[in-house]
Every structure is written in C-alpha cells, then in structure tokens.
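One file, coords.cif, is given below (mmCIF, C-alpha atoms and all ligand atoms).
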data_input
loop_
_atom_site.label_atom_id
_atom_site.label_comp_id
_atom_site.auth_asym_id
_atom_site.auth_seq_id
_atom_site.Cartn_x
_atom_site.Cartn_y
_atom_site.Cartn_z
CA MET A 1 -10.50 16.71 80.18
CA GLU A 2 -13.77 15.01 79.48
CA THR A 3 -13.75 11.38 78.30
CA VAL A 4 -15.08 11.05 74.74
CA ILE A 5 -14.52 7.35 74.04
CA VAL A 6 -15.34 4.64 76.55
CA VAL A 7 -14.79 0.97 75.73
CA GLU A 8 -15.53 -1.38 78.59
CA GLY A 9 -15.18 -5.17 78.52
CA LEU A 10 -15.63 -5.29 74.76
CA VAL A 11 -15.99 -8.81 73.35
CA LYS A 12 -16.14 -9.60 69.65
CA THR A 13 -16.29 -12.99 67.97
CA TYR A 14 -16.31 -13.95 64.30
CA ASN A 15 -18.01 -17.29 63.64
CA GLY A 16 -17.53 -18.36 67.23
CA GLU A 17 -13.85 -17.43 67.23
CA LEU A 18 -12.89 -14.92 69.90
CA VAL A 19 -11.21 -11.89 68.33
CA LEU A 20 -11.47 -9.14 70.96
CA ASP A 21 -11.30 -10.42 74.53
CA HIS A 22 -12.57 -7.90 77.08
CA ILE A 23 -10.92 -4.78 75.72
CA SER A 24 -11.26 -1.69 77.91
CA LEU A 25 -9.93 1.75 77.10
CA ARG A 26 -10.78 5.41 77.58
CA VAL A 27 -9.82 8.35 75.43
CA ARG A 28 -10.08 11.94 76.62
CA LYS A 29 -10.95 14.91 74.45
CA GLY A 30 -7.95 16.18 72.50
CA GLU A 31 -5.89 13.07 73.14
CA SER A 32 -4.08 11.13 70.45
CA VAL A 33 -4.01 7.41 71.14
CA GLY A 34 -2.16 4.84 69.07
CA ILE A 35 -3.15 1.18 69.01
CA ALA A 36 -0.56 -1.33 67.82
CA GLY A 37 -0.56 -5.09 67.38
CA PRO A 38 0.43 -7.79 64.91
CA ASN A 39 -1.46 -8.49 61.68
CA GLY A 40 -4.81 -10.08 62.37
CA ALA A 41 -4.82 -9.03 66.02
CA GLY A 42 -8.13 -7.19 65.65
CA LYS A 43 -7.06 -3.56 65.38
CA SER A 44 -9.33 -2.80 62.44
CA THR A 45 -12.20 -4.67 64.07
CA LEU A 46 -11.80 -2.57 67.21
CA LEU A 47 -11.74 0.66 65.18
CA ARG A 48 -14.83 -0.32 63.18
CA ILE A 49 -16.68 -1.02 66.42
CA ILE A 50 -15.69 2.40 67.78
CA ALA A 51 -16.81 3.92 64.46
CA GLY A 52 -20.21 2.31 65.03
CA ILE A 53 -20.24 0.26 61.84
CA GLU A 54 -19.57 -3.19 63.29
CA PRO A 55 -21.73 -5.06 65.78
CA TYR A 56 -20.15 -6.63 68.85
CA ASP A 57 -21.04 -9.41 71.23
CA ASP A 58 -20.63 -7.93 74.67
CA GLY A 59 -19.42 -4.90 76.57
CA ILE A 60 -19.99 -1.18 76.44
CA VAL A 61 -18.92 1.23 73.71
CA GLN A 62 -19.75 4.92 74.12
CA VAL A 63 -18.60 7.69 71.81
CA LYS A 64 -19.29 11.38 72.33
CA GLY A 65 -19.01 13.51 69.21
CA SER A 66 -18.98 13.11 65.44
CA ILE A 67 -16.55 10.69 63.83
CA GLY A 68 -14.34 10.89 60.77
CA TYR A 69 -13.33 7.33 59.92
CA VAL A 70 -10.53 6.41 57.53
CA PRO A 71 -10.75 2.68 56.77
CA GLN A 72 -7.76 0.46 56.08
CA ASP A 73 -9.22 -0.43 52.68
CA ILE A 74 -9.80 2.84 50.90
CA ILE A 75 -13.38 3.28 49.69
CA LEU A 76 -14.13 6.04 47.23
CA LEU A 77 -17.06 6.07 44.84
CA PRO A 78 -15.60 5.30 41.39
CA TRP A 79 -18.20 7.43 39.62
CA ARG A 80 -17.25 10.62 41.43
CA THR A 81 -14.06 12.62 41.36
CA VAL A 82 -11.99 13.00 44.53
CA ARG A 83 -13.65 16.36 45.12
CA GLY A 84 -17.05 14.89 44.29
CA ASN A 85 -16.51 12.12 46.84
CA ILE A 86 -15.47 14.56 49.53
CA LEU A 87 -18.35 16.96 48.92
CA LEU A 88 -20.90 14.13 48.88
CA ALA A 89 -19.60 12.81 52.19
CA ALA A 90 -19.84 16.30 53.68
CA LYS A 91 -23.35 16.76 52.30
CA ILE A 92 -24.55 13.51 53.86
CA ARG A 93 -23.08 14.62 57.17
CA GLY A 94 -24.88 17.96 56.87
CA ILE A 95 -21.71 20.03 56.51
CA PRO A 96 -22.47 23.17 54.44
CA ARG A 97 -20.84 22.96 51.02
CA LEU A 98 -18.87 26.16 51.46
CA GLU A 99 -17.35 24.95 54.71
CA ALA A 100 -16.35 21.62 53.17
CA GLU A 101 -14.86 23.43 50.18
CA LYS A 102 -12.87 25.67 52.50
CA ILE A 103 -11.35 22.67 54.25
CA VAL A 104 -10.52 21.07 50.90
CA GLU A 105 -8.88 24.30 49.70
CA ALA A 106 -6.82 24.60 52.85
CA GLU A 107 -5.77 20.99 53.41
CA ALA A 108 -5.40 19.57 49.89
CA PRO A 109 -2.11 21.44 49.19
CA ARG A 110 -0.64 20.34 52.50
CA LEU A 111 -1.38 16.71 51.68
CA GLY A 112 -0.16 17.16 48.11
CA LEU A 113 -3.62 16.45 46.74
CA GLU A 114 -4.30 19.69 44.89
CA GLU A 115 -3.74 18.44 41.36
CA TYR A 116 -5.76 15.25 41.92
CA LEU A 117 -8.98 16.77 43.18
CA ASP A 118 -10.73 16.55 39.83
CA ARG A 119 -9.52 13.08 38.95
CA TYR A 120 -11.49 9.87 39.38
CA PRO A 121 -10.26 7.39 42.01
CA LYS A 122 -9.28 4.94 39.25
CA GLU A 123 -6.95 7.52 37.74
CA ILE A 124 -4.82 8.13 40.84
CA SER A 125 -2.28 6.05 42.75
CA GLY A 126 -2.99 4.06 45.89
CA GLY A 127 -1.13 6.51 48.11
CA THR A 128 -3.04 9.42 46.61
CA ARG A 129 -6.31 7.59 47.20
CA ARG A 130 -5.41 7.17 50.86
CA LYS A 131 -4.71 10.91 51.12
CA ALA A 132 -8.07 11.56 49.47
CA GLN A 133 -9.79 9.37 52.02
CA ILE A 134 -8.05 11.24 54.84
CA LEU A 135 -9.07 14.60 53.39
CA MET A 136 -12.61 13.27 53.11
CA ALA A 137 -12.64 12.51 56.83
CA LEU A 138 -11.25 15.97 57.63
CA ALA A 139 -13.93 17.66 55.53
CA LEU A 140 -16.55 16.13 57.84
CA LYS A 141 -15.25 18.43 60.60
CA PRO A 142 -15.20 15.51 63.02
CA ASP A 143 -14.68 15.73 66.78
CA ILE A 144 -12.95 12.36 66.66
CA LEU A 145 -10.69 11.09 63.89
CA LEU A 146 -10.28 7.32 63.56
CA LEU A 147 -7.36 6.33 61.35
CA ASP A 148 -6.77 2.73 60.28
CA GLU A 149 -3.20 2.25 58.99
CA PRO A 150 -3.04 5.82 57.64
CA PHE A 151 0.66 5.61 56.75
CA THR A 152 0.47 2.52 54.58
CA GLY A 153 1.58 3.20 51.03
CA LEU A 154 2.62 6.79 51.66
CA ASP A 155 6.11 8.08 50.87
CA SER A 156 8.18 9.53 53.68
CA SER A 157 7.52 13.18 52.83
CA THR A 158 3.77 12.54 52.78
CA ILE A 159 3.99 10.68 56.08
CA GLU A 160 5.71 13.71 57.58
CA ALA A 161 3.10 16.04 56.11
CA LEU A 162 0.32 13.84 57.49
CA GLN A 163 1.91 13.73 60.95
CA GLU A 164 2.24 17.50 60.81
CA THR A 165 -1.41 17.83 59.76
CA ILE A 166 -2.51 15.59 62.62
CA ARG A 167 -0.51 17.60 65.18
CA ARG A 168 -1.86 20.87 63.80
CA LEU A 169 -5.48 19.71 63.77
CA ARG A 170 -5.18 18.69 67.39
CA GLU A 171 -3.87 22.10 68.33
CA GLU A 172 -6.30 24.07 66.20
CA TYR A 173 -9.50 22.16 66.84
CA GLY A 174 -8.82 20.02 69.88
CA LEU A 175 -9.46 16.99 67.67
CA THR A 176 -9.36 13.59 69.37
CA ILE A 177 -7.46 10.99 67.37
CA VAL A 178 -7.26 7.21 67.53
CA THR A 179 -4.77 5.66 65.14
CA VAL A 180 -4.33 1.97 64.52
CA SER A 181 -1.12 0.81 62.88
CA HIS A 182 1.66 -1.72 62.90
CA MET A 183 4.18 1.00 61.97
CA MET A 184 5.46 1.73 65.46
CA ASP A 185 7.77 4.66 64.77
CA GLU A 186 5.15 6.59 62.84
CA LEU A 187 2.54 5.77 65.43
CA THR A 188 4.74 6.83 68.32
CA SER A 189 5.47 10.20 66.82
CA ILE A 190 1.79 11.23 66.77
CA SER A 191 0.52 9.57 69.95
CA ASP A 192 0.33 10.62 73.60
CA ARG A 193 -0.37 7.05 74.54
CA LEU A 194 0.30 3.71 72.94
CA ILE A 195 -1.91 0.66 73.53
CA LEU A 196 -0.36 -2.68 72.61
CA LEU A 197 -2.62 -5.61 71.73
CA THR A 198 -1.85 -9.32 71.99
CA TYR A 199 -2.53 -11.74 69.16
CA LYS A 200 -5.53 -14.09 69.11
CA PRO A 201 -7.43 -13.16 71.00
CA ALA A 202 -6.62 -9.48 71.36
CA ARG A 203 -6.16 -8.32 74.92
CA ILE A 204 -4.44 -5.20 76.13
CA LYS A 205 -0.83 -6.20 76.70
CA ALA A 206 0.58 -2.85 77.72
CA VAL A 207 -0.22 0.85 77.80
CA VAL A 208 2.71 3.19 77.26
CA GLU A 209 2.45 6.88 78.12
CA LEU A 210 4.70 8.80 75.76
CA MET B 1 -39.27 -9.63 46.21
CA GLU B 2 -36.62 -11.39 44.19
CA ALA B 3 -38.38 -14.74 44.63
CA PHE B 4 -41.63 -13.22 43.36
CA PHE B 5 -39.99 -11.90 40.22
CA ASN B 6 -38.22 -15.17 39.65
CA ALA B 7 -41.55 -16.99 39.79
CA LEU B 8 -43.12 -14.45 37.45
CA ASN B 9 -40.18 -14.83 35.08
CA THR B 10 -40.56 -18.55 34.95
CA LEU B 11 -44.26 -18.21 34.14
CA VAL B 12 -43.73 -15.60 31.43
CA GLN B 13 -40.72 -17.28 29.89
CA SER B 14 -42.06 -20.82 29.91
CA ILE B 15 -44.69 -19.74 27.40
CA SER B 16 -43.33 -18.96 23.98
CA VAL B 17 -43.24 -15.39 22.76
CA LEU B 18 -45.33 -16.51 19.81
CA VAL B 19 -48.09 -17.78 22.07
CA TRP B 20 -48.05 -14.53 24.00
CA ALA B 21 -48.32 -12.60 20.76
CA ILE B 22 -51.35 -14.57 19.64
CA VAL B 23 -53.05 -14.45 23.03
CA LEU B 24 -52.56 -10.71 23.32
CA VAL B 25 -53.81 -10.07 19.80
CA MET B 26 -56.93 -12.07 20.66
CA ILE B 27 -57.46 -9.94 23.74
CA PHE B 28 -56.70 -6.50 22.34
CA GLY B 29 -57.54 -6.93 18.65
CA VAL B 30 -55.38 -6.63 15.59
CA THR B 31 -55.21 -2.86 15.36
CA SER B 32 -54.22 -2.28 18.94
CA ARG B 33 -50.72 -1.05 19.72
CA LYS B 34 -50.67 -2.97 22.94
CA PRO B 35 -49.60 -6.46 21.80
CA PRO B 36 -46.19 -5.42 20.43
CA ILE B 37 -45.48 -3.32 23.49
CA LEU B 38 -46.58 -5.95 25.98
CA VAL B 39 -44.79 -8.81 24.26
CA VAL B 40 -41.59 -6.81 24.14
CA THR B 41 -41.94 -5.94 27.80
CA ALA B 42 -42.54 -9.57 28.70
CA ALA B 43 -39.50 -10.68 26.75
CA THR B 44 -37.07 -8.04 27.92
CA TYR B 45 -37.85 -7.23 31.52
CA PRO B 46 -36.45 -10.54 32.84
CA VAL B 47 -33.06 -9.64 31.36
CA LEU B 48 -33.14 -6.16 32.86
CA LEU B 49 -34.54 -7.24 36.19
CA SER B 50 -32.18 -10.11 36.75
CA SER B 51 -29.22 -7.93 35.89
CA LEU B 52 -30.52 -5.24 38.24
CA PHE B 53 -30.70 -7.78 41.06
CA GLY B 54 -27.29 -9.10 40.08
CA ALA B 55 -25.85 -5.60 40.10
CA VAL B 56 -27.35 -4.72 43.46
CA ARG B 57 -26.03 -7.96 44.91
CA SER B 58 -22.59 -7.39 43.44
CA ILE B 59 -22.27 -3.93 45.00
CA ASP B 60 -19.08 -3.92 46.93
CA SER B 61 -19.87 -4.35 50.61
CA ARG B 62 -17.24 -1.71 51.31
CA ILE B 63 -19.37 0.86 49.53
CA MET B 64 -22.18 0.13 51.95
CA LEU B 65 -19.63 0.44 54.76
CA LEU B 66 -18.79 3.92 53.52
CA ALA B 67 -22.49 4.81 53.39
CA ARG B 68 -22.95 3.56 56.93
CA SER B 69 -19.87 5.29 58.32
CA LEU B 70 -21.23 8.56 56.94
CA GLY B 71 -24.59 7.86 58.48
CA ALA B 72 -26.46 7.89 55.18
CA GLY B 73 -30.24 7.38 55.36
CA LYS B 74 -32.03 4.68 53.34
CA TRP B 75 -32.80 6.98 50.40
CA GLU B 76 -29.34 8.49 50.35
CA GLU B 77 -27.91 4.98 50.40
CA LEU B 78 -30.03 3.98 47.43
CA PHE B 79 -29.57 7.17 45.45
CA TYR B 80 -25.86 7.87 45.95
CA PHE B 81 -24.34 4.46 46.68
CA VAL B 82 -26.48 1.67 45.18
CA LEU B 83 -28.11 2.92 41.98
CA PRO B 84 -25.05 4.55 40.36
CA GLY B 85 -23.20 1.27 40.83
CA THR B 86 -25.85 -0.63 38.87
CA ILE B 87 -25.58 1.58 35.79
CA PRO B 88 -22.81 -0.30 33.95
CA TYR B 89 -24.67 -3.58 34.47
CA LEU B 90 -27.94 -2.09 33.28
CA ALA B 91 -26.26 -0.57 30.24
CA ALA B 92 -24.82 -3.94 29.26
CA ALA B 93 -28.14 -5.64 29.88
CA SER B 94 -30.00 -2.99 27.89
CA ARG B 95 -27.91 -3.84 24.88
CA THR B 96 -29.01 -7.45 25.12
CA ALA B 97 -32.57 -6.52 25.95
CA ILE B 98 -32.98 -4.10 23.07
CA GLY B 99 -31.64 -6.74 20.70
CA ILE B 100 -34.29 -9.16 21.94
CA ALA B 101 -36.92 -6.44 21.87
CA LEU B 102 -36.33 -5.55 18.24
CA ARG B 103 -36.52 -9.16 17.10
CA ILE B 104 -39.61 -9.92 19.13
CA SER B 105 -41.50 -6.76 18.30
CA VAL B 106 -41.27 -7.82 14.67
CA VAL B 107 -42.96 -11.11 15.51
CA ALA B 108 -45.61 -9.32 17.52
CA GLU B 109 -46.22 -6.81 14.76
CA ALA B 110 -46.51 -9.60 12.22
CA PHE B 111 -49.37 -11.11 14.17
CA GLY B 112 -51.23 -8.28 15.54
CA SER B 113 -50.82 -4.80 14.23
CA SER B 114 -51.40 -2.72 11.19
CA GLY B 115 -47.99 -1.27 10.69
CA GLY B 116 -44.33 -1.65 11.53
CA VAL B 117 -41.56 -3.66 9.98
CA GLY B 118 -43.07 -6.98 11.10
CA TYR B 119 -46.43 -6.13 9.58
CA TRP B 120 -44.92 -5.14 6.24
CA LEU B 121 -42.70 -8.23 6.20
CA VAL B 122 -45.68 -10.57 6.52
CA PHE B 123 -47.77 -8.39 4.19
CA SER B 124 -45.10 -8.65 1.48
CA TYR B 125 -44.80 -12.38 2.04
CA ASP B 126 -48.56 -12.94 1.85
CA TYR B 127 -48.77 -11.11 -1.45
CA GLY B 128 -45.67 -12.77 -2.87
CA TYR B 129 -43.49 -9.65 -3.03
CA LYS B 130 -40.10 -11.33 -2.75
CA GLU B 131 -38.31 -8.01 -3.03
CA GLY B 132 -40.50 -6.63 -0.29
CA VAL B 133 -39.60 -9.42 2.11
CA PHE B 134 -35.90 -8.93 1.49
CA ALA B 135 -36.15 -5.17 1.65
CA TRP B 136 -37.95 -5.20 4.99
CA ALA B 137 -35.58 -7.84 6.37
CA LEU B 138 -32.70 -5.62 5.30
CA VAL B 139 -34.29 -2.61 6.95
CA LEU B 140 -34.53 -4.67 10.10
CA VAL B 141 -30.89 -5.73 10.08
CA VAL B 142 -29.64 -2.22 9.34
CA LEU B 143 -31.86 -0.83 12.06
CA MET B 144 -30.51 -3.25 14.65
CA ILE B 145 -26.89 -2.64 13.73
CA ALA B 146 -27.41 1.10 13.73
CA VAL B 147 -29.08 1.16 17.13
CA ASP B 148 -26.35 -1.03 18.54
CA MET B 149 -23.46 0.93 17.12
CA LEU B 150 -24.76 4.45 17.50
CA LEU B 151 -26.53 4.16 20.81
CA LEU B 152 -25.99 1.05 22.87
CA ARG B 153 -22.27 0.53 22.52
CA PRO B 154 -21.31 4.13 23.30
CA VAL B 155 -23.60 4.08 26.33
CA GLU B 156 -22.04 0.84 27.53
CA ARG B 157 -18.53 2.18 27.06
CA TRP B 158 -19.41 5.43 28.82
CA SER B 159 -20.87 3.52 31.74
CA GLU B 160 -17.65 1.55 32.27
CA LYS B 161 -16.41 4.53 34.23
CA TRP B 162 -19.01 3.78 36.87
CA LYS B 163 -17.65 0.34 37.49
CA LEU B 164 -15.54 -0.43 40.54
N1 LIG A 301 -15.75 -9.84 58.37
C1 LIG A 301 -15.03 -10.81 58.99
N2 LIG A 301 -15.48 -12.07 59.02
C2 LIG A 301 -14.77 -13.05 59.67
N3 LIG A 301 -13.60 -12.85 60.28
C3 LIG A 301 -13.09 -11.61 60.29
C4 LIG A 301 -13.78 -10.53 59.62
N4 LIG A 301 -13.05 -9.41 59.80
C5 LIG A 301 -11.96 -9.76 60.49
N5 LIG A 301 -11.98 -11.09 60.79
C6 LIG A 301 -10.97 -11.81 61.57
O1 LIG A 301 -10.74 -11.08 62.75
C7 LIG A 301 -9.38 -11.05 63.06
C8 LIG A 301 -8.92 -9.61 63.23
O2 LIG A 301 -8.98 -8.93 61.97
P1 LIG A 301 -8.58 -7.41 61.83
O3 LIG A 301 -8.75 -7.04 60.41
O4 LIG A 301 -9.34 -6.63 62.83
O5 LIG A 301 -7.03 -7.46 62.23
P2 LIG A 301 -5.95 -6.28 62.12
O6 LIG A 301 -5.27 -6.24 63.45
O7 LIG A 301 -6.57 -5.05 61.64
O8 LIG A 301 -4.94 -6.88 61.04
P3 LIG A 301 -4.00 -6.09 59.98
O9 LIG A 301 -2.80 -5.60 60.73
O10 LIG A 301 -3.65 -7.14 58.99
O11 LIG A 301 -4.82 -4.98 59.39
C9 LIG A 301 -8.66 -11.81 61.96
O12 LIG A 301 -8.40 -13.12 62.41
C10 LIG A 301 -9.64 -11.85 60.84
O13 LIG A 301 -9.50 -13.03 60.10
MG MG A 302 -6.32 -3.90 60.03
#
Could you quickly redo this structure as structure tokens?
Ligand SMILES: Nc1ncnc2c1ncn2[C@@H]1O[C@H](COP(=O)(O)OP(=O)(O)OP(=O)(O)O)[C@@H](O)[C@H]1O
Ligand SMILES: [Mg+2]
Amino acid sequence: METVIVVEGLVKTYNGELVLDHISLRVRKGESVGIAGPNGAGKSTLLRIIAGIEPYDDGIVQVKGSIGYVPQDIILLPWRTVRGNILLAAKIRGIPRLEAEKIVEAEAPRLGLEEYLDRYPKEISGGTRRKAQILMALALKPDILLLDEPFTGLDSSTIEALQETIRRLREEYGLTIVTVSHMMDELTSISDRLILLTYKPARIKAVVEL
Amino acid sequence: MEAFFNALNTLVQSISVLVWAIVLVMIFGVTSRKPPILVVTAATYPVLLSSLFGAVRSIDSRIMLLARSLGAGKWEELFYFVLPGTIPYLAAASRTAIGIALRISVVAEAFGSSGGVGYWLVFSYDYGYKEGVFAWALVLVVLMIAVDMLLLRPVERWSEKWKL
C-alpha cells in the first residue's frame, strides 16, 4: 500500500530544549498506528506536527490526504451546539451539509451522542465532549484520523464502542489512523503497529508489529 | 494598530469632556446635532475599543488551533472563531459605555444644542425653575435605570453563553 505519512529526522525544540530528537516513521494507507510514551514525552507535539498546526525545527514531514484531528484538550466553540460545531467544521472543510448530517445521523447513536447533539458544550460532560470532538473529526470525511488520547475520560462501554467504530471505519473507508495514548491496552487493541517513545528527548525506542 | 488607538485615546481622554463640548460647539454652532454625538463618541469608544482588544487578546489560543486544524481562511477565522468570542466582553463594555454616554450627552446638550434633557436642565436652571431642574434630573435617572435594566443587563446575561 502507498505511504501516506512520512516523518523523517524530525527535530522539535521548545525554548532551546530538545523535545523530539530525530523521529522517523512511515504510515501506509489503511494502517492503524499507535504511539505510546510517558507523560511529557512529546506525543501530542508529534501529532500536532503531523496535523500541520505546529512548526518544527528540522526534518521532513509529508502527509497525503485530508486530516481529521482530535486534540488532547477538547476544543468546541461554546456558542454553538454540538451539532452546530460539527456542521461548521464540515462547512469550513467544504463538506456538503447533507453529507455531514448523514455522518452525524449514522455515527452519533453508535457513540451514544444522539441526545446531546443539540446541547451546548458547557452543558455536557467531559467524556461526552470528547465523543463530540471525535464525531466532528469523522464528519470531515478525513483520509487520515489523528487521535490524541481518545480514550481519556470515557467509560468502558464507550471505549469499546469507539474501538469498534475505529475498526469499522478502517474497513469501510480504508481510513488511516494514528493514535497517541498512554493507555497501552486500549491502544494495542486498535493498532497494527505500536511505536514506543523514550522520555526527554523523545526517540523511537521500539516498534512492535501486532 | 493597537498602539495607534492607544495614542489617540490618550489625546482624547487627556482633554476634559467639557472642553471637547465647548470646542465642538464653537466649531459646529449651537443648533447642530453634531457636538452631542461627537462628544459621546469620544468618551465611549475608548471603553469599547480597549475591551475589544482585550477580548481578542483573551481568545483562547486553543480556539485558534481549532480554526487552523480545520484550515479556516482569514475571514472564516475572524467571523466564526474570533468575533463571536468577543461578544460577552463587548456586551459588558457597552453597559459601561452607555452609562458614560448618557451622562456625557447631557453635558454636551447643555452646552450646545437646542433640545434634549441636558438642554432643558440648563434652561430650567437659567430661568430659576427649581421644579424643572429636579424633574429633568429625575427623568435622566429613570431613563438610565430603565435602559440598564430593560436592555443592557439582559443583553449581558444572554451573552454569557458565548463565554468560554
Ligand atoms: N507550547 C509549548 N511551549 C513550551 N513547551 C511545550 C509546549 N508544548 C509542549 N511543551 C513541552 O514539550 C514536552 C512534550 O509535551 P507533549 O504535550 O507533547 O507531551 P505528551 O507526550 O503529549 O504528554 P502527555 O502524556 O502528558 O499528554 C513537554 O516537556 C512539554 O512541557
Ligand atoms: Mg499529550
């Protein structure tokens, strides 16, 4: 399969401190790759760089295809409902409204989001907000899904539903998925490959084919 | 941009509202409607502008991250992500600004116009109508309370929803 993410010798520093030290990885289309490492290792930084929203110091980062990015810190516009947030995101990405609505209709029940679609972010729980953010990324019909700690704050039945959703999306759409998490078991169950990062600075410690 | 407005603010604010009223009346004449409007503008826009800048600055950087991750253009960024976030701040500032505006427009009217509460207040005073002075002062107080309670406070409360 064709390679859709190439990271080659990536170096990132914050205020002179080395955070990512020559990270290299490749992800093929339809693959699901998990990246694990201790808190503060640089997982989120790496994902933001792949998402194209964080500058880096050196190296090559190439991404082929549109991205749906789910940040570790949930960001929803407080002045729009969950549905309003999702439809705005889709609109900005140029996804026709009907198509976005169809995805919301289909996926919201599976994530247990149905009854919260018309609520404001302030009125729903943290776990529900995370699900909303995930649904928002799905509604963008991305080629590549980048998930930063997607399981945090979710109950076990929602985690299972999310894992199921991820597996299904891969089968149905050939979606490529990169998930960053410190929750190893959950990560393992959705990944074909696990990349382990060292702590300060982050280097690739091991790659495990699952 | 911000530095320019700050400099302009300092200039406008360092000169008393009273002086502005007199200067503008001299320029435009007593019957013109412009002095009250201009004086009010001069007195209130610093409040609004500084709170607008404050609001834009206080916009959560994560919101801009969301805009960027979606690939929003400059106008989309402004229209969907920045401006809505400034509304609660502007609503709060408007309450202050309108309070200032009402008080100052009375001063401006007193000097240079041929109508309005300020004009009638001074008119009554000049002709020794004690009741008139009190009546117009009362009108003024009631007007300010009414505007605040019926318009500004509900708007401010409504706009809370837009806050992070
Ligand atoms: N905007 C920033 N400015 C300065 N330093 C930063 C910034 N973002 C991250 N860092 C630093 O970079 C390092 C990696 O942070 P990052 O958030 O990528 O780690 P992480 O592996 O995602 O951690 P966690 O498991 O807690 O989410 C940390 O030492 C952090 O302090
Ligand atoms: Mg992180």
- Message: When you count all atoms listed in the file, which of these residues is closest to chain A: B:Leu83, B:Leu66, B:Leu49, B:Ala93?
- Response: B:Leu66
- Task: Output the contact residues of chain A with respect to chain B at a cut-off of 12 Å, based on only C-alpha atoms, as a PyMOL selection string.
- Result: chain A and resi 47-54+66-81+84-95+119-123+133+136-137+139-140+142+146
- Message: Show me which residues line ligand MG 302 (chain A), defined as having an atom within 12 Å of a ligand atom where only C-alpha atoms and all ligand atoms count, and present them as a ChimeraX atom specification.
- Response: /A:35-48,70-74,147-150,152,179-183
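What separates atom CA of Leu25 of chain A from atom CA of Ile60 of chain A is a distance of 10.5 Å.
Among A:Arg193, A:Arg170, A:Arg203, A:Arg83, the residue with the shortest atom-to-atom distance to Arg26 of chain A, counting all atoms listed in the file, is A:Arg193.
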- Take the point (-3.0, 10.5, 69.7) in the file's coordinates, draw a sphere of radius 8 Å around it, and report as a PyMOL selection string every protein, DNA or RNA residue with an atom inside or on it, counting only C-alpha atoms. chain A and resi 31-34+176-179+190-193
- Lys64 of chain A environment, 10 Å, all atoms listed in the file, sequence neighbours closer than 3 positions dropped, as a PyMOL selection string: chain A and resi 2-6+29+67+143-144
- Query: Out of A:Glu164, A:Glu17, A:Glu209, A:Glu8, which residue has the shortest atom-to-atom distance to ligand LIG 301 (chain A) when counting only C-alpha atoms and all ligand atoms?
  - Reply: A:Glu17
- Quote the spacing between atom CA of Met184 of chain A and atom CA of Arg167 of chain A in Å to one decimal place. 17.0 Å
- Message: For a test of reading the model, state the distance in Å between atom O3 of ligand LIG 301 (chain A) and atom CA of Ile166 of chain A, rounded to one decimal.
- Response: 23.6 Å
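For the set A:Leu18, A:Leu169, A:Ile195, A:Ala100, the residue with the smallest atom-to-atom gap to ligand LIG 301 (chain A) is A:Leu18, counting all atoms listed in the file.
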- Item | Counting all atoms listed in the file, the residue of A:Ile159, A:Ile23, A:Leu117, A:Ala108 that sits nearest Ala202 of chain A | A:Ile23
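Nearest-residue note for ligand LIG 301 (chain A): choosing from A:Lys200, A:Arg110, A:His22, A:Arg28, the minimum distance belongs to A:Lys200, counting only C-alpha atoms and all ligand atoms.
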- Task: Could you please give me, as a PyMOL selection string, the residues of protein, DNA or RNA lying at most 6 Å from (-17.2, -7.5, 67.0) in the coordinate frame of the file, considering all atoms listed in the file?
- Result: chain A and resi 12-13+55-56
Residues as selected, C-alpha atoms, written as a PDB file, keeping the file's coordinate frame, can you do that?
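The result, written out as again.pdb:
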ATOM      1  CA  LYS A  12     -16.140  -9.600  69.650  1.00  0.00           C
ATOM      2  CA  THR A  13     -16.290 -12.990  67.970  1.00  0.00           C
ATOM      3  CA  PRO A  55     -21.730  -5.060  65.780  1.00  0.00           C
ATOM      4  CA  TYR A  56     -20.150  -6.630  68.850  1.00  0.00           C
TER       5      TYR A  56
END
